[in-house]
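K.L.:
Below you'll find entry-v4.txt; it's compact mmCIF, C-alpha atoms and all ligand atoms.
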# COMPACT_ATOMS: atom_id res chain seq x y z
CA MET A 24 47.90 -94.67 -63.37
CA THR A 25 51.27 -96.22 -62.55
CA SER A 26 54.25 -95.91 -64.84
CA THR A 27 56.65 -98.47 -66.15
CA PRO A 28 59.11 -97.27 -68.76
CA ALA A 29 58.83 -99.16 -72.04
CA PHE A 30 62.60 -98.98 -72.40
CA SER A 31 65.40 -97.45 -70.43
CA LEU A 32 67.39 -94.58 -71.83
CA ARG A 33 71.04 -93.99 -71.13
CA LEU A 34 71.50 -90.26 -71.37
CA PRO A 35 74.95 -88.71 -71.51
CA ARG A 36 76.08 -86.80 -68.46
CA ILE A 37 76.57 -83.67 -70.57
CA MET A 38 74.48 -82.52 -73.53
CA GLY A 39 74.90 -79.35 -75.58
CA HIS A 40 71.94 -76.93 -75.55
CA ARG A 41 70.81 -75.53 -78.92
CA GLY A 42 74.07 -77.03 -80.14
CA ALA A 43 76.42 -75.16 -77.83
CA LYS A 44 74.56 -71.88 -77.44
CA ALA A 45 77.34 -69.99 -75.70
CA LEU A 46 80.04 -71.06 -78.11
CA ALA A 47 78.36 -70.35 -81.46
CA PRO A 48 75.00 -68.99 -82.66
CA GLU A 49 72.24 -71.20 -81.26
CA ASN A 50 70.44 -73.78 -83.37
CA THR A 51 72.91 -73.54 -86.25
CA LEU A 52 75.29 -76.06 -87.77
CA ALA A 53 78.14 -73.94 -86.38
CA SER A 54 76.69 -74.48 -82.92
CA ILE A 55 76.39 -78.22 -83.42
CA LYS A 56 79.99 -78.36 -84.61
CA ALA A 57 81.09 -76.31 -81.59
CA ALA A 58 79.35 -78.80 -79.30
CA ALA A 59 81.15 -81.68 -80.96
CA GLU A 60 84.46 -79.85 -80.65
CA ALA A 61 83.76 -79.34 -76.95
CA GLY A 62 83.51 -83.10 -76.61
CA VAL A 63 79.81 -83.87 -76.17
CA ARG A 64 78.20 -86.76 -78.03
CA TRP A 65 74.63 -85.47 -77.76
CA VAL A 66 73.05 -82.14 -78.67
CA GLU A 67 69.65 -80.64 -77.99
CA PHE A 68 68.06 -78.31 -80.55
CA ASP A 69 64.62 -76.87 -81.27
CA VAL A 70 62.58 -77.62 -84.37
CA MET A 71 59.85 -75.34 -85.72
CA LEU A 72 58.01 -75.17 -89.05
CA THR A 73 58.35 -72.41 -91.62
CA ALA A 74 55.18 -70.99 -93.21
CA ASP A 75 55.41 -73.62 -95.94
CA GLY A 76 55.94 -76.45 -93.48
CA VAL A 77 59.68 -77.02 -93.65
CA PRO A 78 61.18 -78.13 -90.33
CA VAL A 79 64.07 -75.87 -89.34
CA LEU A 80 66.15 -75.34 -86.22
CA PHE A 81 64.70 -72.36 -84.41
CA HIS A 82 63.67 -71.38 -80.90
CA ASP A 83 61.56 -68.20 -80.88
CA GLU A 84 58.18 -67.59 -82.49
CA THR A 85 59.60 -64.42 -84.02
CA LEU A 86 62.69 -63.97 -86.15
CA LYS A 87 64.03 -60.86 -84.44
CA ARG A 88 66.32 -61.99 -81.63
CA THR A 89 68.50 -64.41 -83.54
CA THR A 90 68.27 -63.12 -87.12
CA GLY A 91 67.36 -59.42 -86.83
CA ALA A 92 64.50 -59.88 -89.33
CA SER A 93 60.92 -58.91 -88.52
CA GLY A 94 57.91 -61.20 -88.48
CA ALA A 95 57.10 -64.66 -87.24
CA MET A 96 58.66 -67.94 -88.30
CA ALA A 97 55.14 -69.21 -88.99
CA ALA A 98 54.70 -66.44 -91.59
CA ALA A 99 58.07 -66.88 -93.32
CA PRO A 100 58.53 -69.35 -96.17
CA PHE A 101 61.66 -71.46 -96.17
CA ALA A 102 63.12 -69.55 -99.15
CA GLN A 103 63.08 -66.39 -97.02
CA VAL A 104 64.25 -68.09 -93.82
CA ARG A 105 67.17 -69.48 -95.77
CA THR A 106 68.51 -66.02 -96.49
CA LEU A 107 68.68 -65.05 -92.79
CA ASP A 108 71.85 -64.96 -90.74
CA ALA A 109 71.21 -66.59 -87.37
CA SER A 110 74.35 -65.12 -85.84
CA HIS A 111 72.57 -61.79 -85.27
CA GLY A 112 73.16 -60.63 -81.73
CA PHE A 113 75.33 -63.59 -80.77
CA GLY A 114 78.23 -63.30 -78.44
CA SER A 115 78.26 -60.39 -76.06
CA LYS A 116 76.14 -62.08 -73.39
CA TYR A 117 78.77 -64.70 -72.80
CA GLY A 118 81.82 -62.52 -72.85
CA LEU A 119 83.44 -64.75 -75.40
CA ARG A 120 83.41 -62.07 -78.08
CA ALA A 121 83.26 -64.71 -80.75
CA GLU A 122 80.52 -63.13 -82.83
CA ARG A 123 82.81 -61.51 -85.34
CA GLY A 124 83.96 -64.90 -86.52
CA PHE A 125 80.44 -66.11 -87.18
CA ARG A 126 78.80 -63.25 -89.01
CA GLY A 127 77.82 -64.23 -92.56
CA ARG A 128 79.14 -67.78 -92.35
CA ALA A 129 77.21 -70.39 -94.32
CA ASP A 130 76.93 -72.62 -91.26
CA CYS A 131 75.21 -69.80 -89.36
CA ARG A 132 72.12 -69.72 -91.56
CA VAL A 133 68.95 -71.18 -90.11
CA PRO A 134 69.45 -74.86 -90.93
CA SER A 135 66.81 -77.21 -92.23
CA LEU A 136 66.29 -80.37 -90.23
CA GLU A 137 67.43 -82.31 -93.27
CA GLU A 138 70.85 -80.71 -93.46
CA THR A 139 71.14 -80.92 -89.70
CA VAL A 140 70.70 -84.68 -89.83
CA ALA A 141 73.54 -84.92 -92.35
CA CYS A 142 75.74 -82.86 -90.01
CA LEU A 143 74.85 -85.00 -86.98
CA LEU A 144 75.63 -88.21 -88.83
CA ASP A 145 78.89 -86.78 -90.04
CA LEU A 146 79.90 -85.82 -86.50
CA ASN A 147 78.51 -89.00 -84.96
CA LEU A 148 76.21 -87.08 -82.63
CA THR A 149 72.87 -88.17 -81.18
CA PRO A 150 70.16 -85.50 -81.10
CA ASN A 151 67.61 -84.52 -78.51
CA VAL A 152 65.05 -83.05 -80.90
CA GLU A 153 62.83 -80.62 -79.07
CA ILE A 154 59.55 -80.09 -80.91
CA LYS A 155 59.07 -76.34 -80.47
CA PRO A 156 55.85 -75.53 -82.27
CA THR A 157 54.28 -72.24 -83.08
CA PRO A 158 51.16 -72.18 -80.84
CA GLY A 159 48.44 -74.36 -82.32
CA LEU A 160 50.86 -76.36 -84.46
CA ALA A 161 52.16 -78.93 -81.98
CA GLU A 162 50.78 -82.00 -83.70
CA LYS A 163 51.62 -80.81 -87.20
CA THR A 164 55.16 -79.87 -86.18
CA ALA A 165 55.68 -83.24 -84.55
CA GLU A 166 54.24 -85.12 -87.51
CA VAL A 167 56.38 -83.39 -90.13
CA THR A 168 59.51 -83.57 -87.98
CA ILE A 169 59.17 -87.22 -87.06
CA LYS A 170 58.25 -88.34 -90.57
CA GLN A 171 61.31 -86.58 -91.93
CA LEU A 172 63.55 -87.98 -89.20
CA ARG A 173 62.21 -91.48 -89.79
CA ALA A 174 63.09 -91.16 -93.48
CA LEU A 175 66.60 -89.83 -92.83
CA TRP A 176 67.86 -91.44 -89.64
CA PRO A 177 69.73 -94.74 -90.18
CA ASP A 178 68.48 -97.78 -88.26
CA ASP A 179 72.00 -98.67 -87.17
CA ARG A 180 72.52 -95.43 -85.23
CA PRO A 181 71.20 -94.71 -81.73
CA PRO A 182 67.77 -93.17 -82.32
CA PRO A 183 66.99 -89.51 -81.69
CA LEU A 184 65.34 -88.56 -78.42
CA ILE A 185 62.13 -86.62 -79.10
CA SER A 186 61.20 -84.09 -76.40
CA SER A 187 58.64 -81.33 -75.98
CA PHE A 188 56.84 -79.06 -73.54
CA GLN A 189 53.82 -79.63 -75.79
CA TRP A 190 52.75 -83.05 -74.68
CA ASP A 191 50.43 -83.40 -77.71
CA ALA A 192 53.60 -83.53 -79.77
CA LEU A 193 54.81 -86.48 -77.69
CA ALA A 194 51.59 -88.33 -78.45
CA VAL A 195 52.31 -87.94 -82.16
CA ALA A 196 55.88 -89.10 -81.63
CA LYS A 197 54.60 -92.16 -79.81
CA ASP A 198 52.33 -93.01 -82.75
CA LEU A 199 54.87 -92.38 -85.51
CA ALA A 200 58.08 -93.57 -83.86
CA PRO A 201 57.07 -95.84 -80.99
CA GLY A 202 60.53 -97.36 -80.73
CA TRP A 203 62.30 -94.02 -80.31
CA PRO A 204 62.71 -92.57 -76.82
CA ARG A 205 60.66 -89.59 -75.71
CA GLY A 206 61.45 -86.93 -73.13
CA LEU A 207 58.77 -85.05 -71.22
CA LEU A 208 59.67 -81.39 -70.72
CA ALA A 209 58.38 -79.42 -67.76
CA GLU A 210 59.65 -76.65 -65.53
CA ASP A 211 58.74 -78.03 -62.12
CA CYS A 212 58.29 -81.76 -61.66
CA PRO A 213 54.59 -82.20 -62.57
CA GLN A 214 52.34 -83.52 -59.81
CA ASP A 215 51.00 -86.08 -62.26
CA TRP A 216 54.39 -87.09 -63.63
CA ARG A 217 53.66 -90.80 -63.31
CA ALA A 218 50.52 -90.56 -65.43
CA ALA A 219 52.13 -88.23 -67.95
CA MET A 220 55.23 -90.39 -68.38
CA ALA A 221 53.02 -93.45 -68.86
CA THR A 222 50.60 -91.74 -71.24
CA TYR A 223 53.34 -90.60 -73.60
CA ASP A 224 55.52 -93.62 -72.92
CA CYS A 225 58.46 -91.41 -72.06
CA ALA A 226 61.94 -92.52 -71.12
CA SER A 227 63.12 -89.27 -69.53
CA LEU A 228 61.86 -86.25 -67.64
CA HIS A 229 63.55 -82.91 -68.30
CA LEU A 230 63.23 -80.19 -65.66
CA HIS A 231 64.40 -76.63 -65.09
CA TRP A 232 67.67 -76.91 -63.21
CA ARG A 233 66.70 -74.37 -60.53
CA ARG A 234 63.46 -76.17 -59.77
CA THR A 235 64.82 -79.66 -59.54
CA ARG A 236 64.35 -81.18 -56.08
CA LYS A 237 66.27 -84.18 -54.83
CA PRO A 238 63.17 -86.11 -53.61
CA ASP A 239 61.51 -85.74 -57.01
CA VAL A 240 64.65 -86.93 -58.78
CA ALA A 241 64.81 -89.92 -56.45
CA GLN A 242 61.19 -90.90 -57.13
CA VAL A 243 61.39 -90.46 -60.88
CA LYS A 244 64.61 -92.45 -61.04
CA ALA A 245 63.25 -95.16 -58.77
CA ALA A 246 60.42 -95.55 -61.28
CA GLY A 247 63.03 -96.30 -63.94
CA TYR A 248 63.18 -93.00 -65.81
CA ALA A 249 66.16 -90.82 -66.65
CA VAL A 250 66.25 -87.20 -65.45
CA ALA A 251 67.79 -84.33 -67.40
CA VAL A 252 67.98 -80.67 -66.40
CA TYR A 253 68.18 -77.54 -68.53
CA THR A 254 70.01 -75.19 -68.80
CA VAL A 255 72.86 -75.30 -66.34
CA ASN A 256 76.02 -73.39 -67.17
CA GLY A 257 77.92 -73.27 -63.89
CA VAL A 258 80.14 -76.17 -62.92
CA ARG A 259 79.35 -76.01 -59.19
CA ALA A 260 75.62 -75.98 -59.87
CA GLY A 261 76.11 -78.87 -62.26
CA ARG A 262 77.93 -80.90 -59.61
CA ARG A 263 75.15 -80.26 -57.09
CA LEU A 264 72.57 -81.48 -59.58
CA LEU A 265 74.54 -84.63 -60.29
CA ASP A 266 74.75 -85.15 -56.52
CA LYS A 267 70.95 -84.96 -56.43
CA GLY A 268 70.88 -87.89 -58.81
CA VAL A 269 70.29 -86.05 -62.09
CA ASP A 270 71.57 -88.04 -65.06
CA CYS A 271 72.13 -85.35 -67.66
CA LEU A 272 73.07 -81.67 -67.64
CA ILE A 273 71.92 -79.77 -70.71
CA THR A 274 74.27 -76.82 -71.06
CA ASP A 275 75.16 -73.86 -73.26
CA ARG A 276 78.78 -74.37 -72.13
CA PRO A 277 79.76 -77.96 -72.84
CA ASP A 278 83.37 -76.77 -72.91
CA ARG A 279 83.18 -76.29 -69.13
CA PHE A 280 81.89 -79.73 -68.32
CA PRO A 281 84.03 -82.82 -68.78
CA GLU A 282 81.94 -85.99 -69.17
CA SER A 283 83.73 -87.20 -66.01
CA LEU A 284 82.32 -84.29 -63.94
O1 LIG A 301 65.22 -79.05 -73.96
C1 LIG A 301 65.58 -78.29 -72.89
C2 LIG A 301 65.51 -76.80 -73.17
O2 LIG A 301 65.93 -76.56 -74.46
C3 LIG A 301 64.13 -76.26 -72.97
O3 LIG A 301 64.05 -74.89 -73.01
O4 LIG A 301 63.45 -72.79 -74.10
O5 LIG A 301 65.78 -73.62 -74.24
O6 LIG A 301 63.99 -74.74 -75.53
P1 LIG A 301 64.34 -73.98 -74.29
MG MG A 302 65.11 -76.38 -76.41
Show the structure stored in the file as structure tokens.
Ligand code: G3P
Ligand code: MG

P.N.:
Amino acid sequence: MTSTPAFSLRLPRIMGHRGAKALAPENTLASIKAAAEAGVRWVEFDVMLTADGVPVLFHDETLKRTTGASGAMAAAPFAQVRTLDASHGFGSKYGLRAERGFRGRADCRVPSLEETVACLLDLNLTPNVEIKPTPGLAEKTAEVTIKQLRALWPDDRPPPLISSFQWDALAVAKDLAPGWPRGLLAEDCPQDWRAAMATYDCASLHLHWRRTRKPDVAQVKAAGYAVAVYTVNGVRAGRRLLDKGVDCLITDRPDRFPESL
């Protein structure tokens, strides 16, 4: 199968990862605000469903790492998730020692997608919404997330980019929001990238930054697609990737990367 992008996507050069994961607790409103303060216009975040099907910003299957609570997100109803502080364990890894300022803050709770949309609109940010399902729930997670986004996202704003490692989720996105761009997530450039990009009608391919090869970037771009890489936090590495032709660096440290990099 050959691939021809349905529409071209102009990605920013720099995009915050999980908001701005190194600057504030990941996947929280505080993190999204930190990304905006660092100057980016786009943010990536992960969306998962609670036990009762509420889409929230969350990365791991289990609650432990970011909230300190036990159990799985898929077993926790929203009313419980809402009480958790997502700043648990934040800070020391990055040497910024900022965690004390975040503990217990209202904007460090696990946010619903709905309140996140309000925050994004307020800050004039465009989201890269990564569908991050609990195993077995890719289609359901995509369906709930996209239906809610369709209801909340204004037509006069640049549409969200929908991305996922779970390509079934992209199929749902294509059905429910055909006019919104989709990003195919992979670690290495897939051998069958042309077929996959065509099947899910994707506008961009997102690769692991360490596994991104210049010839692959050249081919994917020549076919009309945008290329993003995750998660690059060093400026020299970022420059090398841009030199390889990568369009967009997804980073925990948007404060380090001027858009003019
Ligand atoms: O969307 C890019 C990146 O977020 C993918 O990896 O594990 O950080 O969601 P992860
Ligand atoms: Mg992600």

K.L.:
What is the distance, in Å and to one decimal place, between atom CA of Val255 of chain A and atom CA of Ala241 of chain A?

P.N.:
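Pair atom CA of Val255 of chain A / atom CA of Ala241 of chain A returns 19.4 Å.
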
K.L.:
Have a look at atom CA of Glu60 of chain A and atom CA of Pro182 of chain A and let me know their distance in Å, one decimal.

P.N.:
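Taking atom CA of Glu60 of chain A as the start and atom CA of Pro182 of chain A as the end point, the length is 21.4 Å.
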
K.L.:
Calculated over only C-alpha atoms and all ligand atoms, which of the candidates A:Pro28, A:Gly206, A:Gly91, A:Gly62 has the smallest distance to ligand LIG 301 (chain A)?

P.N.:
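Closest candidate: A:Gly206.
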
K.L.:
Which residue, A:Ala209, A:Pro204, A:Pro181, A:Asp75, has the smallest gap to ligand LIG 301 (chain A) when you use all atoms listed in the file?

P.N.:
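When distances to ligand LIG 301 (chain A) are compared using all atoms listed in the file, the smallest one comes from A:Ala209.
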
K.L.:
Around the point (77.9, -84.4, -82.9) (coordinates from the file), which residues reach within 9 Å if we count only C-alpha atoms? Answer as a PDB file with C-alpha atoms, in the coordinates of the input.

P.N.:
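File written: result_26.pdb
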ATOM      1  CA  GLY A  42      74.070 -77.030 -80.140  1.00  0.00           C
ATOM      2  CA  ILE A  55      76.390 -78.220 -83.420  1.00  0.00           C
ATOM      3  CA  LYS A  56      79.990 -78.360 -84.610  1.00  0.00           C
ATOM      4  CA  ALA A  57      81.090 -76.310 -81.590  1.00  0.00           C
ATOM      5  CA  ALA A  58      79.350 -78.800 -79.300  1.00  0.00           C
ATOM      6  CA  ALA A  59      81.150 -81.680 -80.960  1.00  0.00           C
ATOM      7  CA  GLU A  60      84.460 -79.850 -80.650  1.00  0.00           C
ATOM      8  CA  GLY A  62      83.510 -83.100 -76.610  1.00  0.00           C
ATOM      9  CA  VAL A  63      79.810 -83.870 -76.170  1.00  0.00           C
ATOM     10  CA  ARG A  64      78.200 -86.760 -78.030  1.00  0.00           C
ATOM     11  CA  TRP A  65      74.630 -85.470 -77.760  1.00  0.00           C
ATOM     12  CA  VAL A  66      73.050 -82.140 -78.670  1.00  0.00           C
ATOM     13  CA  CYS A 142      75.740 -82.860 -90.010  1.00  0.00           C
ATOM     14  CA  LEU A 143      74.850 -85.000 -86.980  1.00  0.00           C
ATOM     15  CA  LEU A 144      75.630 -88.210 -88.830  1.00  0.00           C
ATOM     16  CA  ASP A 145      78.890 -86.780 -90.040  1.00  0.00           C
ATOM     17  CA  LEU A 146      79.900 -85.820 -86.500  1.00  0.00           C
ATOM     18  CA  ASN A 147      78.510 -89.000 -84.960  1.00  0.00           C
ATOM     19  CA  LEU A 148      76.210 -87.080 -82.630  1.00  0.00           C
ATOM     20  CA  THR A 149      72.870 -88.170 -81.180  1.00  0.00           C
ATOM     21  CA  PRO A 150      70.160 -85.500 -81.100  1.00  0.00           C
TER      22      PRO A 150
END

K.L.:
How would you write, as a VMD selection string, the set of residues no farther than 7 Å from ligand LIG 301 (chain A) when counting all atoms listed in the file?

P.N.:
chain A and resid 40 to 41 67 to 69 82 153 186 208 229 253 to 254 273

K.L.:
Choose the residue, out of A:Asp224, A:Asp278, A:Asp108, A:Asp266, that has the smallest atom-to-atom separation from Tyr248 of chain A; count all atoms listed in the file.

P.N.:
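Looking at the shortest contact to Tyr248 of chain A, the residue is A:Asp224.
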
K.L.:
Taking all atoms listed in the file into account, which of A:Ala92, A:Ala98, A:Val258, A:Val252 comes nearest ligand MG 302 (chain A)?

P.N.:
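Checking each of A:Ala92, A:Ala98, A:Val258, A:Val252 against ligand MG 302 (chain A), counting all atoms listed in the file, the winner is A:Val252.
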
K.L.:
Could you give me, as JSON, numbers by chain, the residues within 12 Å of Leu230 of chain A, counting all atoms listed in the file and dropping anything in the same chain fewer than 6 positions from it?

P.N.:
{"A": [186, 187, 188, 206, 207, 208, 209, 210, 211, 212, 213, 216, 236, 237, 239, 240, 243, 249, 250, 251, 252, 253, 254, 255, 264, 269, 270, 271, 272, 273]}

K.L.:
Pick the closest to ligand MG 302 (chain A) from A:Lys244, A:Arg259, A:Lys197, A:Lys155: which is it, counting all atoms listed in the file?

P.N.:
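The shortest atom-to-atom distance to ligand MG 302 (chain A) comes from A:Lys155.
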
K.L.:
Would you compute the distance between atom CA of Gln242 of chain A and atom CA of Lys267 of chain A? Give it in Å to one decimal.

P.N.:
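Distance reported for this atom pair: 11.4 Å.
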
K.L.:
Out of A:Ala53, A:Met96, A:Ile185, A:Ala109, which residue has the shortest atom-to-atom distance to ligand MG 302 (chain A) when counting all atoms listed in the file?

P.N.:
A:Ile185

K.L.:
If we count all atoms listed in the file and set the cut-off at 10 Å, which residues sit around Lys170 of chain A, ignoring sequence neighbours fewer than 6 positions away in its own chain? Please answer as a PDB file with C-alpha atoms, keeping the file's coordinate frame.

P.N.:
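Writing done, so here's part34.pdb:
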ATOM      1  CA  ALA A 196      55.880 -89.100 -81.630  1.00  0.00           C
ATOM      2  CA  LEU A 199      54.870 -92.380 -85.510  1.00  0.00           C
ATOM      3  CA  ALA A 200      58.080 -93.570 -83.860  1.00  0.00           C
TER       4      ALA A 200
END

K.L.:
Using only C-alpha atoms and a cutoff of 9 Å, can you tell me which residues are near (76.2, -70.1, -78.3) in the file's coordinates, and write them out as a list in words?

P.N.:
His40, Arg41, Gly42, Ala43, Lys44, Ala45, Leu46, Ala47, Pro48, Glu49, Asn50, Ser54, Ala57, Phe113, Gly114, Tyr117, Asp275 and Arg276 of chain A

K.L.:
For segment 128-136 of chain A, find every residue with an atom within 8 Å (counting all atoms listed in the file), except residues of its own chain fewer than 2 positions away, and show them as a list in words.

P.N.:
Pro48, Asn50, Thr51, Leu52, Ala53, Val70, Val77, Pro78, Val79, Leu80, Phe81, Val104, Arg105, Thr106, Leu107, Asp108, Ala109, Ser110, Phe125, Arg126, Glu138, Thr139, Val140 and Thr168 of chain A

K.L.:
Near Ala95 of chain A, counting only C-alpha atoms, which residues have an atom at most 10 Å away, once you skip same-chain residues fewer than 3 positions from it, shown as an MDAnalysis selection string?

P.N.:
chainID A and resid 73:74 83:87 92 98:99 157

K.L.:
Please write the residues from the selection above to a file, keeping C-alpha atoms, as a PDB file, keeping the file's coordinate frame.

P.N.:
ATOM      1  CA  THR A  73      58.350 -72.410 -91.620  1.00  0.00           C
ATOM      2  CA  ALA A  74      55.180 -70.990 -93.210  1.00  0.00           C
ATOM      3  CA  ASP A  83      61.560 -68.200 -80.880  1.00  0.00           C
ATOM      4  CA  GLU A  84      58.180 -67.590 -82.490  1.00  0.00           C
ATOM      5  CA  THR A  85      59.600 -64.420 -84.020  1.00  0.00           C
ATOM      6  CA  LEU A  86      62.690 -63.970 -86.150  1.00  0.00           C
ATOM      7  CA  LYS A  87      64.030 -60.860 -84.440  1.00  0.00           C
ATOM      8  CA  ALA A  92      64.500 -59.880 -89.330  1.00  0.00           C
ATOM      9  CA  ALA A  98      54.700 -66.440 -91.590  1.00  0.00           C
ATOM     10  CA  ALA A  99      58.070 -66.880 -93.320  1.00  0.00           C
ATOM     11  CA  THR A 157      54.280 -72.240 -83.080  1.00  0.00           C
TER      12      THR A 157
END
